[in-house]
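Source file: work19.cif; contents: mmCIF, C-alpha atoms.
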data_work
loop_
_atom_site.label_atom_id
_atom_site.label_comp_id
_atom_site.auth_asym_id
_atom_site.auth_seq_id
_atom_site.Cartn_x
_atom_site.Cartn_y
_atom_site.Cartn_z
CA MET E 131 0.00 0.00 0.00
CA GLY E 132 1.10 3.59 -0.49
CA PHE E 133 1.70 6.25 -3.10
CA HIS E 134 4.64 5.11 -5.23
CA TYR E 135 6.81 7.26 -7.50
CA ARG E 136 8.85 5.03 -9.79
CA PHE E 137 12.07 6.54 -11.14
CA ALA E 138 13.80 5.74 -14.42
CA PRO E 139 17.47 6.75 -14.93
CA ALA E 140 16.44 10.03 -16.62
CA ASP E 141 14.23 10.97 -13.65
CA LEU E 142 17.18 10.87 -11.26
CA LEU E 143 18.69 13.76 -13.21
CA ARG E 144 15.52 15.85 -13.37
CA CYS E 145 14.47 16.35 -9.77
CA ARG E 146 14.17 20.03 -8.93
CA PHE E 147 12.95 22.36 -6.19
CA ALA E 148 10.48 25.21 -6.59
CA ILE E 149 8.51 27.71 -4.51
CA SER E 150 4.88 28.42 -5.34
CA PRO E 151 3.09 31.46 -3.87
CA ARG E 152 -0.16 30.11 -5.31
CA TRP E 153 0.32 26.80 -3.52
CA GLU E 154 1.03 28.59 -0.24
CA THR E 155 -2.15 30.59 -0.75
CA ALA E 156 -4.19 27.43 -1.30
CA GLU E 157 -2.71 25.78 1.77
CA ALA E 158 -3.28 28.91 3.86
CA VAL E 159 -6.94 28.69 2.85
CA ARG E 160 -6.90 25.00 3.81
CA VAL E 161 -5.43 25.82 7.23
CA LEU E 162 -8.53 27.91 7.94
CA LEU E 163 -10.62 24.83 7.13
CA LEU E 164 -8.62 22.26 9.14
CA PRO E 165 -8.11 22.85 12.89
CA ARG E 166 -5.46 20.09 13.00
CA ARG E 167 -3.15 22.39 11.05
CA HIS E 168 -3.52 25.34 13.43
CA ALA E 169 -0.82 24.45 15.98
CA TYR E 170 2.15 26.24 14.42
CA HIS E 171 0.11 29.08 12.93
CA LEU E 172 -1.86 30.55 15.83
CA PRO E 173 -0.07 33.96 15.70
CA TRP E 174 -0.76 34.16 11.95
CA LEU E 175 -4.39 33.14 12.44
CA SER E 176 -4.78 35.94 14.97
CA ARG E 177 -3.28 38.50 12.59
CA ILE E 178 -5.40 37.57 9.57
CA ARG E 179 -8.69 37.01 11.41
CA SER E 180 -10.32 40.25 10.23
CA ALA E 181 -9.08 39.89 6.66
CA ALA E 182 -10.25 36.28 6.47
CA ALA E 183 -13.69 37.26 7.72
CA GLY E 184 -14.11 39.41 4.61
CA LEU E 185 -13.59 36.47 2.24
CA ASP E 186 -16.17 33.89 1.19
CA LEU E 187 -13.90 30.87 0.84
CA ARG E 188 -16.67 28.27 0.49
CA PRO E 189 -16.07 27.65 -3.25
CA LEU E 190 -12.43 26.83 -2.55
CA TRP E 191 -13.23 24.71 0.49
CA LEU E 192 -15.68 22.60 -1.56
CA LEU E 193 -12.73 21.70 -3.81
CA MET E 194 -10.52 20.63 -0.90
CA PRO E 195 -11.84 17.17 0.00
CA ALA E 196 -10.51 15.37 3.06
CA LYS E 197 -9.60 12.50 0.73
CA GLY E 198 -9.66 12.35 -3.02
CA HIS E 199 -9.07 14.59 -5.99
CA ASN E 200 -8.04 18.23 -5.80
CA PRO E 201 -8.47 20.07 -9.14
CA ASP E 202 -5.16 20.14 -11.00
CA LEU E 203 -6.36 23.10 -13.09
CA LEU E 204 -6.38 25.29 -9.96
CA SER E 205 -2.84 24.42 -8.95
CA PRO E 206 -0.56 23.67 -11.91
CA PRO E 207 3.01 22.96 -10.74
CA PRO E 208 5.24 26.04 -11.02
CA SER E 209 7.09 26.24 -14.31
CA GLY E 210 10.30 27.52 -12.71
CA PRO E 211 12.04 27.77 -9.35
CA SER E 212 10.80 31.26 -8.48
CA VAL E 213 7.52 32.18 -10.17
CA THR E 214 5.28 35.09 -9.19
CA ILE E 215 1.69 34.88 -8.05
CA GLU E 216 0.68 36.79 -11.21
CA GLU E 217 2.33 34.18 -13.43
CA GLU E 218 0.69 31.32 -11.56
CA LEU E 219 -2.79 32.86 -11.60
CA ALA E 220 -2.44 33.52 -15.33
CA ARG E 221 -1.92 29.76 -15.82
CA VAL E 222 -4.98 29.02 -13.71
CA ARG E 223 -7.12 31.44 -15.73
CA ALA E 224 -5.88 29.86 -18.96
CA ALA E 225 -7.74 26.66 -17.97
CA ALA E 226 -10.99 28.49 -18.77
CA GLY E 227 -10.09 27.99 -22.44
CA ASP E 228 -11.04 24.29 -22.20
CA PRO E 229 -14.45 24.25 -20.49
CA GLU E 230 -15.05 20.51 -20.83
CA ALA E 231 -11.73 19.59 -19.23
CA ALA E 232 -12.41 22.14 -16.49
CA ARG E 233 -15.89 20.72 -15.87
CA GLU E 234 -14.51 17.18 -15.49
CA ASP E 235 -11.71 18.29 -13.16
CA LEU E 236 -14.16 20.23 -10.98
CA ARG E 237 -16.71 17.39 -11.04
CA ARG E 238 -14.13 14.83 -9.88
CA SER E 239 -13.19 17.02 -6.95
CA LEU E 240 -16.74 17.95 -5.95
CA ALA E 241 -17.68 14.25 -5.98
CA CYS E 242 -15.13 13.63 -3.21
CA THR E 243 -16.92 15.93 -0.74
CA PRO E 244 -20.35 14.68 0.40
CA GLY E 245 -23.10 16.99 -0.83
CA ALA E 246 -20.81 19.24 -2.87
CA LEU E 247 -22.12 18.16 -6.27
CA GLU E 248 -25.71 18.90 -5.21
CA SER E 249 -24.91 22.21 -3.52
CA ALA E 250 -25.84 25.51 -5.16
CA ILE E 251 -22.16 26.49 -5.38
CA GLY E 252 -21.15 23.17 -6.94
CA ALA E 253 -24.00 23.20 -9.44
CA ARG E 254 -23.11 26.74 -10.50
CA MET E 255 -19.50 25.70 -11.11
CA LEU E 256 -20.52 22.84 -13.37
CA GLU E 257 -23.13 24.89 -15.21
CA ASP E 258 -20.43 27.27 -16.52
CA PRO E 259 -16.95 25.87 -15.79
CA ALA E 260 -15.12 28.62 -17.70
CA ARG E 261 -16.74 31.27 -15.52
CA ALA E 262 -16.04 29.11 -12.45
CA VAL E 263 -12.33 28.94 -13.26
CA ARG E 264 -12.12 32.72 -13.64
CA GLU E 265 -14.03 33.31 -10.40
CA LEU E 266 -11.91 30.80 -8.49
CA ALA E 267 -8.72 32.44 -9.77
CA ASP E 268 -10.07 35.83 -8.66
CA LEU E 269 -10.87 34.38 -5.23
CA TYR E 270 -7.34 32.99 -4.95
CA GLU E 271 -6.00 36.43 -5.82
CA ARG E 272 -8.05 38.03 -3.03
CA ALA E 273 -6.94 35.30 -0.60
CA TRP E 274 -3.30 35.93 -1.55
CA GLU E 275 -3.63 39.65 -0.91
CA ALA E 276 -5.43 39.20 2.42
CA LEU E 277 -3.77 36.13 3.92
CA VAL E 278 -0.32 35.63 2.43
CA ALA E 279 1.10 38.70 0.66
CA PRO E 280 1.66 40.74 3.88
CA HIS E 281 3.73 37.83 5.25
CA TRP E 282 5.39 36.67 2.03
CA PRO E 283 8.94 37.95 2.78
CA ARG E 284 8.99 35.88 5.98
CA LEU E 285 7.42 32.84 4.28
CA ARG E 286 9.68 33.02 1.23
CA ALA E 287 12.78 33.27 3.44
CA LEU E 288 11.73 30.10 5.27
CA LEU E 289 11.11 28.21 2.01
CA GLU E 290 14.38 29.38 0.44
CA ALA E 291 16.32 28.35 3.53
CA ASP E 292 14.71 24.91 3.38
CA ILE E 293 15.69 24.47 -0.27
CA LEU E 294 19.26 25.50 0.48
CA PHE E 295 19.47 22.97 3.32
CA HIS E 296 18.06 20.08 1.31
CA SER E 297 20.07 20.95 -1.81
CA ARG E 298 23.22 20.55 0.25
CA ARG E 299 21.90 17.31 1.70
CA LEU E 300 21.29 16.04 -1.84
CA ALA E 301 24.79 17.04 -2.92
CA ALA E 302 26.36 15.33 0.10
CA GLY E 303 24.37 12.09 0.23
CA GLY E 304 22.26 11.70 -2.89
CA LEU E 305 18.54 11.03 -3.15
CA GLU E 306 18.47 8.64 -0.21
CA ALA E 307 19.82 11.31 2.15
CA LEU E 308 17.46 13.89 0.66
CA PHE E 309 14.27 11.86 0.94
CA GLU E 310 14.91 10.47 4.40
CA GLY E 311 15.05 14.01 5.76
CA LEU E 312 11.90 15.40 4.13
CA HIS E 313 9.11 13.65 6.05
CA PRO E 314 8.61 10.58 8.29
CA ASP E 315 6.07 9.10 5.84
CA LEU E 316 8.59 8.95 2.96
CA ARG E 317 10.60 5.83 2.12
CA TRP E 318 13.26 5.58 -0.61
CA HIS E 319 13.84 2.10 -2.01
CA GLY E 320 17.16 2.26 -3.82
CA GLY E 321 16.96 -1.20 -5.33
CA SER E 322 13.72 -0.49 -7.16
CA GLN E 323 14.35 3.27 -7.52
CA THR E 324 10.99 3.98 -5.89
CA LEU E 325 9.88 6.72 -3.52
CA THR E 326 6.88 5.72 -1.39
CA ILE E 327 4.52 7.92 0.61
CA GLU E 328 3.00 5.66 3.24
CA ARG E 329 -0.77 5.73 2.71
CA PRO E 330 -3.67 3.32 3.37
CA SER E 331 -4.55 3.50 -0.34
CA HIS E 332 -2.51 2.36 -3.34
CA HIS E 333 -1.32 4.45 -6.27
CA ASP E 334 1.54 4.01 -8.75
CA ARG E 335 3.10 6.73 -10.87
CA GLU E 336 5.85 6.21 -13.40
CA LEU E 337 7.72 9.50 -13.60
CA GLY E 338 8.32 8.95 -17.29
CA GLY E 339 11.46 11.04 -17.59
CA GLN E 340 9.87 14.20 -16.13
CA GLY E 341 11.62 13.86 -12.79
CA LEU E 342 10.06 14.91 -9.51
CA LEU E 343 9.25 18.48 -8.48
CA LEU E 344 9.89 19.09 -4.76
CA MET E 345 8.11 21.98 -3.06
CA PRO E 346 8.52 22.99 0.59
CA SER E 347 5.42 24.49 2.19
CA ALA E 348 4.85 26.38 5.40
CA PHE E 349 1.17 25.49 5.60
CA VAL E 350 1.02 21.81 4.53
CA TRP E 351 2.23 20.51 7.93
CA PRO E 352 1.76 17.83 9.27
CA GLU E 353 1.14 16.17 5.92
CA VAL E 354 3.20 15.36 2.86
CA VAL E 355 1.27 15.62 -0.41
CA GLY E 356 1.92 13.87 -3.69
CA GLY E 357 0.01 14.13 -6.88
CA TYR E 358 -0.78 15.61 -10.27
CA ASP E 359 -2.12 13.42 -13.01
CA PRO E 360 -0.50 13.40 -16.47
CA PRO E 361 0.47 15.55 -18.27
CA TRP E 362 1.50 17.57 -15.17
CA GLN E 363 4.94 17.00 -13.71
CA PRO E 364 4.78 14.67 -10.68
CA THR E 365 5.12 16.77 -7.54
CA LEU E 366 5.84 16.21 -3.86
CA VAL E 367 4.96 18.91 -1.31
CA TYR E 368 6.47 18.57 2.16
CA PRO E 369 6.56 20.70 5.36
CA ALA E 370 9.41 23.21 5.39
CA ARG E 371 11.99 23.06 8.14
CA GLY E 372 11.75 25.65 10.90
CA ILE E 373 8.01 26.33 10.90
CA GLY E 374 8.02 26.12 14.68
CA ALA E 375 9.75 29.50 14.78
CA LEU E 376 8.04 30.99 11.74
CA TRP E 377 5.69 33.36 13.56
CA THR E 378 7.79 34.02 16.66
CA ALA E 379 8.83 37.56 17.38
CA ALA E 380 12.28 38.68 16.35
CA ALA E 381 15.08 37.73 18.69
CA GLY E 382 15.93 40.10 21.47
CA PRO E 383 18.90 42.46 21.48
CA ALA E 384 22.26 41.02 20.52
CA PRO E 385 24.54 40.16 23.45
CA GLN E 386 26.29 43.25 24.81
CA ALA E 387 29.78 41.82 24.35
CA LEU E 388 29.09 41.00 20.69
CA ALA E 389 27.53 44.42 20.10
CA GLY E 390 30.64 46.03 21.61
CA LEU E 391 32.84 44.07 19.24
CA LEU E 392 30.86 44.46 16.01
CA GLY E 393 28.50 47.36 16.64
CA ARG E 394 24.86 46.94 17.63
CA GLY E 395 23.43 46.82 14.10
CA ARG E 396 25.90 44.29 12.72
CA ALA E 397 25.59 42.11 15.82
CA GLU E 398 21.81 42.00 15.50
CA VAL E 399 22.03 41.08 11.81
CA LEU E 400 24.49 38.29 12.62
CA CYS E 401 22.30 36.97 15.44
CA ALA E 402 19.19 37.06 13.24
CA LEU E 403 20.76 34.65 10.75
CA HIS E 404 19.75 31.50 12.62
CA GLU E 405 18.60 30.30 9.16
CA PRO E 406 19.93 31.48 5.77
CA ALA E 407 18.03 34.58 4.67
CA SER E 408 18.01 37.32 2.04
CA THR E 409 18.56 41.03 2.60
CA THR E 410 14.83 41.67 2.20
CA ALA E 411 13.86 38.95 4.67
CA LEU E 412 16.33 40.22 7.26
CA ALA E 413 15.12 43.79 6.84
CA HIS E 414 11.55 42.62 7.41
CA ARG E 415 12.59 40.51 10.39
CA LEU E 416 14.57 43.29 12.09
CA GLY E 417 12.46 46.28 11.08
CA LEU E 418 15.39 47.95 9.31
CA ALA E 419 15.80 49.52 5.88
CA PRO E 420 17.13 47.05 3.27
CA SER E 421 19.99 49.45 2.50
CA THR E 422 21.07 49.38 6.15
CA VAL E 423 20.94 45.59 6.31
CA SER E 424 22.84 45.35 3.04
CA ALA E 425 25.67 47.49 4.44
CA HIS E 426 25.87 45.34 7.58
CA LEU E 427 25.90 42.14 5.51
CA LYS E 428 28.72 43.44 3.34
CA ALA E 429 30.84 44.28 6.40
CA LEU E 430 30.13 40.93 8.09
CA ARG E 431 30.96 39.04 4.94
CA ALA E 432 34.22 40.95 4.50
CA ALA E 433 35.14 39.99 8.08
CA GLY E 434 34.65 36.29 7.29
CA LEU E 435 31.52 35.91 9.42
CA LEU E 436 29.06 35.25 6.56
CA LEU E 437 28.86 33.35 3.29
CA ALA E 438 26.53 34.22 0.40
CA PHE E 439 24.72 31.75 -1.87
CA ARG E 440 22.48 32.38 -4.84
CA GLN E 441 19.07 30.69 -4.72
CA GLY E 442 17.06 31.49 -7.85
CA HIS E 443 16.87 35.29 -8.05
CA GLN E 444 17.72 35.70 -4.37
CA VAL E 445 21.08 35.91 -2.60
CA LEU E 446 20.95 34.18 0.78
CA TYR E 447 23.39 34.79 3.61
CA GLU E 448 24.41 32.38 6.35
CA ARG E 449 26.96 32.34 9.13
CA THR E 450 30.41 30.84 8.69
CA PRO E 451 31.76 28.61 11.50
CA LEU E 452 33.41 31.72 12.96
CA GLY E 453 30.10 33.59 12.84
CA ILE E 454 28.35 30.67 14.55
CA ALA E 455 31.03 30.55 17.22
CA LEU E 456 30.72 34.26 17.96
CA THR E 457 26.93 34.18 18.32
CA SER E 458 27.05 31.01 20.44
CA ALA E 459 29.86 32.04 22.78
CA ALA E 460 29.01 35.68 23.45
CA PRO E 461 27.58 36.20 26.99
CA GLN E 462 24.14 37.72 27.21
CA ALA E 463 23.74 41.38 28.15
#
Same coordinates, now as structure tokens:
Amino acid sequence: MGFHYRFAPADLLRCRFAISPRWETAEAVRVLLLPRRHAYHLPWLSRIRSAAAGLDLRPLWLLMPAKGHNPDLLSPPPSGPSVTIEEELARVRAAAGDPEAAREDLRRSLACTPGALESAIGARMLEDPARAVRELADLYERAWEALVAPHWPRLRALLEADILFHSRRLAAGGLEALFEGLHPDLRWHGGSQTLTIERPSHHDRELGGQGLLLMPSAFVWPEVVGGYDPPWQPTLVYPARGIGALWTAAAGPAPQALAGLLGRGRAEVLCALHEPASTTALAHRLGLAPSTVSAHLKALRAAGLLLAFRQGHQVLYERTPLGIALTSAAPQA
């Protein structure tokens, strides 16, 4: 039993990571529906309560069955490692050009939720699927603006840091090391070149040379999600590392001794890099201007306390061993 991805030799060379703002929006909407996902997101839920109250999310919730089919047309896998929400919603809206395919995709999903097919909302979707696709895309856009966009720098920094961590794990130990660290429900069988998600149901998917798309998500916890029917690229969505600290307040002041050595601003930037982060993410985290953070990063890097890595269009910074030693050893103020 389980969800099995079967790799051919070409698939081993075509695994890639991506970040999807549209996926995070969908999963944020799902968090509002599922209390079991609330644990790590209570501060966020408190902050977006008023904004969420102004959205009628019932059409999206009807297409999020507890078990079964979620419409692929509403969530095509991202075409690149760092797509924008505008690009992703444009692909969703393009599905309105094939009304019959849209109707079948929506029907399959509605059938998985008791009563959804017979509901007024479900019947309206199937009556005019092209209109339904456009309206659902518009609703996702409003949900993005209300629930996710104000927090996107923080979320994107978490997802980028996760990709950097797992990319290094892949480089050091191959697919076995990568998959064993993504989620407890994943099993890599090297002999048969198969990745299994432990499930009570059975499903087989030959990757067919497309490889596997890996997407970290802040909101999918505690689950790992696999799917997409042909012709979509097979995709695996897993919980990003570090979500336990995602909504915590910024760290307190840097230790006095470290601030005396480096200067208060540089010390606080160094201490804030408990995970790799971009200039924008650090500025958001510390409440400083990006230009100020950039100057501190440049000085810390020149002193050998930071390294810089490119991740897509972003440059991420992380501490060197010396930087780690300084932040760990400095006495508190």
If we count all atoms listed in the file, what is near Leu343 in chain E at a cut-off of 6 Å, once residues fewer than 6 positions away on the same chain are taken out, given as a PyMOL selection string?
chain E and resi 145-147+365
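This file gives the following result for the PyMOL selection byres ((chain E and resi 181) around 12): Trp174, Leu175, Ser176, Arg177, Ile178, Arg179, Ser180, Ala182, Ala183, Gly184, Leu185, Asp186, Leu187, Arg272, Ala273, Trp274, Glu275, Ala276, Leu277, Val278, Ala279 and Pro280 of chain E.
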Can you list what the PyMOL selection byres ((chain E and resi 326) around 7) grabs from this structure, as a PyMOL selection string?
chain E and resi 132-135+316-318+324-325+327-328
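For the structure in this document, the set picked by the PyMOL selection byres ((chain E and resi 215) around 8) is Ser150, Pro151, Arg152, Val213, Thr214, Glu216, Glu217, Glu218 and Leu219 of chain E.
In terms of minimum interatomic distance to Glu448 in chain E, E:Ala291 ranks closest within E:Ala291, E:Leu312, E:Ala301, E:Ala384, counting only C-alpha atoms.
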Leaving out Asp235 in chain E and any residue of its chain fewer than 5 positions from it, which residues lie within 12 Å of it when counting all atoms listed in the file, given as a list in words?
Leu193, Gly198, His199, Asn200, Pro201, Asp202, Leu203, Leu204, Ser205, Ala225, Ala226, Asp228, Pro229, Glu230, Leu240, Ala241, Cys242, Met255, Leu256, Pro259, Ala260, Ala262, Val263, Tyr358 and Asp359 of chain E
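Proximity of E:His426, E:Arg167, E:Arg286, E:Arg221 to Pro406 in chain E, computed with only C-alpha atoms, is greatest for E:Arg286.
Taking CA of Glu290 in chain E and CA of Ala407 in chain E as endpoints, the distance between them is 7.6 Å.
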Selection: 7 Å around Val355 in chain E, all atoms listed in the file, excl. self and same-chain fewer than 5 positions, as a ChimeraX atom specification:
/E:366-368
Do you have the CA of Leu376 in chain E-CA of Met345 in chain E distance handy?
17.3 Å
Between E:Leu337, E:Glu306, E:Thr457, E:Ala148, which is the closest to Leu391 in chain E once you count all atoms listed in the file?
E:Thr457
So the first atom is CA of Val423 in chain E and the second is CA of Gly393 in chain E; what is the distance between them in Å, to one decimal place?
12.9 Å
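Minimum atom-to-atom distances from E:Gly434, E:Pro314, E:Pro283, E:Pro189 to Gly252 in chain E were compared using only C-alpha atoms, and the lowest value belongs to E:Pro189.
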